[in-house]
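Trainee: work03.csv is the file, holding CSV, C-alpha atoms:
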```csv
chain,number,residue,atom,x,y,z
A,1469,MET,CA,11.7,35.2,6.7
A,1470,ALA,CA,8.3,34.9,8.3
A,1471,ASN,CA,6.3,31.7,8.4
A,1472,LEU,CA,4.0,31.5,5.4
A,1473,GLN,CA,0.8,29.5,6.0
A,1474,ILE,CA,0.4,27.0,3.1
A,1475,LEU,CA,-2.5,25.0,4.5
A,1476,ASP,CA,-5.2,25.9,7.0
A,1477,THR,CA,-7.6,23.6,8.8
A,1478,ASP,CA,-10.3,23.6,6.2
A,1479,LYS,CA,-7.8,22.8,3.4
A,1480,VAL,CA,-6.3,20.0,5.5
A,1481,ASN,CA,-9.8,18.5,6.1
A,1482,ARG,CA,-10.6,18.6,2.4
A,1483,ILE,CA,-7.2,17.1,1.6
A,1484,LEU,CA,-7.7,14.3,4.1
A,1485,GLU,CA,-11.2,13.5,2.8
A,1486,ARG,CA,-9.8,13.3,-0.8
A,1487,MET,CA,-6.9,11.1,0.3
A,1488,ALA,CA,-9.3,8.8,2.2
A,1489,TYR,CA,-11.4,8.4,-1.0
A,1490,GLU,CA,-8.2,7.7,-2.9
A,1491,ILE,CA,-7.1,5.1,-0.4
A,1492,TRP,CA,-10.4,3.4,-0.5
A,1493,GLU,CA,-10.6,3.5,-4.3
A,1494,LYS,CA,-7.1,1.8,-4.6
A,1495,ASN,CA,-7.8,-0.8,-1.9
A,1496,PHE,CA,-11.5,-1.6,-1.9
A,1497,ASP,CA,-10.7,-5.2,-2.9
A,1498,TYR,CA,-8.6,-5.8,0.1
A,1499,GLU,CA,-9.9,-7.1,3.4
A,1500,ARG,CA,-8.2,-4.6,5.9
A,1501,ILE,CA,-6.4,-1.3,5.7
A,1502,ILE,CA,-3.6,-0.8,8.2
A,1503,LEU,CA,-2.6,2.9,8.5
A,1504,VAL,CA,0.8,3.3,10.1
A,1505,GLY,CA,1.8,6.8,11.2
A,1506,ILE,CA,5.4,7.7,11.6
A,1507,VAL,CA,6.0,9.3,15.0
A,1508,ASP,CA,5.6,12.1,15.8
A,1509,LYS,CA,3.0,13.6,13.5
A,1510,GLY,CA,2.1,10.7,11.2
A,1511,PRO,CA,0.0,9.0,13.9
A,1512,VAL,CA,-2.3,12.0,14.1
A,1513,LEU,CA,-2.7,12.1,10.3
A,1514,ALA,CA,-3.3,8.3,10.3
A,1515,GLN,CA,-6.0,8.6,12.9
A,1516,ARG,CA,-7.7,11.4,11.0
A,1517,LEU,CA,-7.5,9.4,7.8
A,1518,ALA,CA,-9.1,6.5,9.6
A,1519,GLN,CA,-11.9,8.8,10.8
A,1520,LYS,CA,-12.5,10.0,7.2
A,1521,LEU,CA,-12.5,6.4,5.9
A,1522,GLU,CA,-15.2,5.6,8.5
A,1523,GLU,CA,-17.2,8.7,7.6
A,1524,ILE,CA,-17.3,7.7,3.9
A,1525,ASN,CA,-18.3,4.2,5.0
A,1526,CYS,CA,-15.7,2.3,3.1
A,1527,ASN,CA,-16.8,-1.0,4.6
A,1528,LEU,CA,-13.3,-2.0,5.3
A,1529,PRO,CA,-11.8,-2.6,8.8
A,1530,VAL,CA,-9.1,0.0,9.4
A,1531,LYS,CA,-6.4,-0.5,12.0
A,1532,VAL,CA,-4.1,2.4,13.1
A,1533,LEU,CA,-0.6,1.8,14.3
A,1534,GLU,CA,2.5,3.9,15.0
A,1535,ILE,CA,6.0,3.4,14.0
A,1536,GLU,CA,9.0,5.1,15.5
A,1537,VAL,CA,12.0,5.8,13.3
A,1538,GLN,CA,15.1,7.6,14.4
A,1539,LYS,CA,15.0,10.5,11.9
A,1540,LYS,CA,18.6,11.6,12.4
A,1541,GLN,CA,20.2,8.1,11.9
A,1542,PRO,CA,17.4,5.8,10.8
A,1543,ALA,CA,19.8,3.0,9.7
A,1544,ALA,CA,21.4,2.9,13.1
A,1545,HIS,CA,18.2,2.0,15.0
A,1546,GLU,CA,15.5,-0.6,14.3
A,1547,PRO,CA,12.1,1.0,13.7
A,1548,ARG,CA,9.6,0.2,16.5
A,1549,LEU,CA,6.0,-0.6,16.0
A,1550,SER,CA,3.4,0.4,18.6
A,1551,GLU,CA,2.2,-3.3,18.5
A,1552,GLU,CA,3.3,-6.4,16.6
A,1553,ILE,CA,1.4,-7.2,13.6
A,1554,ALA,CA,1.6,-10.2,11.3
A,1555,TYR,CA,0.7,-10.3,7.7
A,1556,GLN,CA,-2.7,-11.7,6.9
A,1557,LYS,CA,-3.9,-12.3,3.4
A,1558,GLY,CA,-6.0,-9.3,2.3
A,1559,ASP,CA,-4.0,-6.7,4.3
A,1560,VAL,CA,-2.7,-3.5,2.8
A,1561,VAL,CA,-0.4,-1.2,4.7
A,1562,VAL,CA,-0.4,2.6,4.2
A,1563,VAL,CA,2.5,4.3,5.9
A,1564,VAL,CA,1.5,7.9,6.8
A,1565,ASP,CA,3.7,11.0,7.5
A,1566,ASP,CA,3.2,14.8,7.5
A,1567,VAL,CA,6.1,15.7,5.1
A,1568,LEU,CA,8.1,13.6,2.6
A,1569,TYR,CA,11.4,15.3,1.9
A,1570,THR,CA,14.4,13.1,1.2
A,1571,GLY,CA,12.6,9.7,1.7
A,1572,SER,CA,15.1,8.5,4.3
A,1573,THR,CA,12.6,8.2,7.2
A,1574,MET,CA,9.9,6.7,4.9
A,1575,ILE,CA,12.1,4.0,3.4
A,1576,HIS,CA,13.2,2.8,6.9
A,1577,ALA,CA,9.6,2.9,8.1
A,1578,ILE,CA,8.5,0.6,5.2
A,1579,LEU,CA,11.2,-2.0,5.6
A,1580,PRO,CA,9.7,-3.9,8.6
A,1581,PHE,CA,6.5,-4.5,6.6
A,1582,LEU,CA,8.4,-5.9,3.7
A,1583,ALA,CA,10.3,-8.1,6.0
A,1584,LYS,CA,7.0,-9.4,7.5
A,1585,GLY,CA,5.7,-10.4,4.1
A,1586,PHE,CA,3.2,-7.7,3.4
A,1587,GLN,CA,2.5,-7.7,-0.3
A,1588,LYS,CA,1.1,-4.2,-0.7
A,1589,VAL,CA,2.7,-1.2,1.1
A,1590,GLN,CA,1.7,2.3,0.1
A,1591,VAL,CA,2.7,5.8,1.2
A,1592,ALA,CA,0.5,8.7,2.1
A,1593,VAL,CA,1.9,12.2,2.9
A,1594,LEU,CA,0.3,15.5,3.6
A,1595,VAL,CA,3.1,17.5,2.0
A,1596,PHE,CA,5.5,16.2,-0.7
A,1597,ARG,CA,8.6,18.2,-1.2
A,1598,ASP,CA,10.3,16.0,-3.9
A,1599,TYR,CA,13.9,16.2,-2.9
A,1600,LEU,CA,14.1,12.4,-2.8
A,1601,LEU,CA,17.4,10.6,-2.2
A,1602,PHE,CA,15.8,7.2,-2.0
A,1603,PRO,CA,13.7,5.3,-4.6
A,1604,ILE,CA,10.3,6.0,-3.1
A,1605,ARG,CA,7.3,7.9,-4.3
A,1606,PRO,CA,4.1,8.6,-2.4
A,1607,ASP,CA,0.9,7.0,-3.6
A,1608,PHE,CA,-1.3,9.6,-1.9
A,1609,VAL,CA,-0.3,13.2,-1.7
A,1610,GLY,CA,-2.1,16.0,0.0
A,1611,MET,CA,0.0,18.8,-1.5
A,1612,ALA,CA,3.1,18.8,-3.7
A,1613,LEU,CA,5.2,21.8,-2.8
A,1614,ALA,CA,7.9,23.5,-4.8
A,1615,SER,CA,10.4,24.9,-2.2
A,1616,THR,CA,14.1,25.3,-1.7
A,1617,THR,CA,16.2,23.0,0.3
A,1618,GLN,CA,16.8,25.8,2.8
A,1619,GLN,CA,13.1,26.1,3.5
A,1620,HIS,CA,11.3,24.0,6.1
A,1621,VAL,CA,7.8,22.8,6.3
A,1622,GLU,CA,6.2,22.6,9.7
A,1623,VAL,CA,2.8,20.9,10.3
A,1624,VAL,CA,1.1,22.1,13.5
A,1625,PHE,CA,-1.7,20.1,15.2
A,1626,THR,CA,-4.1,21.1,18.0
A,1627,SER,CA,-7.0,19.0,19.2
A,1628,SER,CA,-9.3,20.4,16.5
A,1629,SER,CA,-7.0,21.9,13.9
A,1630,CYS,CA,-4.1,21.3,11.6
A,1631,GLU,CA,-2.1,23.9,9.7
A,1632,ALA,CA,1.1,23.8,7.7
A,1633,TYR,CA,3.7,26.5,7.4
A,1634,LEU,CA,6.7,27.2,5.1
A,1635,ASN,CA,9.6,29.0,6.6
```
Could you show the structure in this file as structure tokens?
Mentor:
Amino acid sequence: MANLQILDTDKVNRILERMAYEIWEKNFDYERIILVGIVDKGPVLAQRLAQKLEEINCNLPVKVLEIEVQKKQPAAHEPRLSEEIAYQKGDVVVVVDDVLYTGSTMIHAILPFLAKGFQKVQVAVLVFRDYLLFPIRPDFVGMALASTTQQHVEVVFTSSSCEAYLN
């Protein structure tokens, strides 16, 4: 089966703008938004969301971090943050990834923030496939996609574009 493009660059840009507004609307009363991208594609999305938040002038400081989770065996390895961060009153964490499929990677990416005492942790994903095996739901969804378990979603980034394919 050939790759079917499900999102082009224009659609992704509109989705990220909408998601940025949603993030701001749900968190305007907090003092700082910490966007944490799951390596390897989440950090690019987190950075682009941060840019969109800046463009809409949300008047909140936005910090972007990366977290590395072993996707094959997440329970066997501790997630690694790009830099240490401690909870400060008024912080909200938004963990960002390109695709949410079973929830395994996402749940392991969230655990360090719960252990550090963060009181509000949210999830943002570009594509939500809803084959969850863990009790986690995204707060911000770019696109919900009905697909089979045999299909794969691939998000492709270049310096100026982002596209998603179903194969």
Trainee: Counting all atoms listed in the file, which residue out of A:Ala1488, A:Leu1513, A:Val1609, A:Val1507 sits closest to Leu1528 in chain A?
Mentor: A:Ala1488
Trainee: List the spatial neighbours of range 1554-1567 of chain A as a PyMOL selection string - criterion: any atom at most 9 Å away, all atoms listed in the file, same-chain residues fewer than 3 positions off excluded.
Mentor: chain A and resi 1491+1495+1497-1514+1535+1574+1577-1578+1581+1584-1597+1621-1623
Trainee: Which one of A:Thr1570, A:Gln1619, A:Ser1627, A:Asn1527 sits closest to Phe1602 in chain A if you count only C-alpha atoms?
Mentor: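 When distances to Phe1602 in chain A are compared using only C-alpha atoms, the smallest one comes from A:Thr1570.
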Trainee: Which residues are near Ile1604 in chain A? Cut-off 8 Å, all atoms listed in the file, ignore same chain within fewer than 3 positions. Put them as an mmCIF file with C-alpha atoms, in the coordinates of the input.
Mentor:
```
data_model
loop_
_atom_site.group_PDB
_atom_site.id
_atom_site.type_symbol
_atom_site.label_atom_id
_atom_site.label_comp_id
_atom_site.auth_asym_id
_atom_site.auth_seq_id
_atom_site.Cartn_x
_atom_site.Cartn_y
_atom_site.Cartn_z
ATOM 1 C CA GLY A 1571 12.600 9.700 1.700
ATOM 2 C CA ILE A 1575 12.100 4.000 3.400
ATOM 3 C CA LEU A 1600 14.100 12.400 -2.800
#
```
Trainee: Do you have the CA of Glu1631 in chain A-CA of Thr1477 in chain A distance handy?
Mentor: 5.6 Å
Trainee: Report, in Å to a single decimal, how far apart CA of Leu1472 in chain A and CA of Lys1520 in chain A are.
Mentor: 27.2 Å
Trainee: Using all atoms listed in the file, which of the listed residues (A:Val1532, A:His1620, A:Glu1551, A:Glu1546) sits closest to Leu1568 in chain A?
Mentor: A:His1620
Trainee: What does the distance from CA of Glu1552 in chain A to CA of Glu1534 in chain A come to in Å, to one decimal?
Mentor: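 Atom-to-atom, CA of Glu1552 in chain A and CA of Glu1534 in chain A are spaced 10.5 Å apart.
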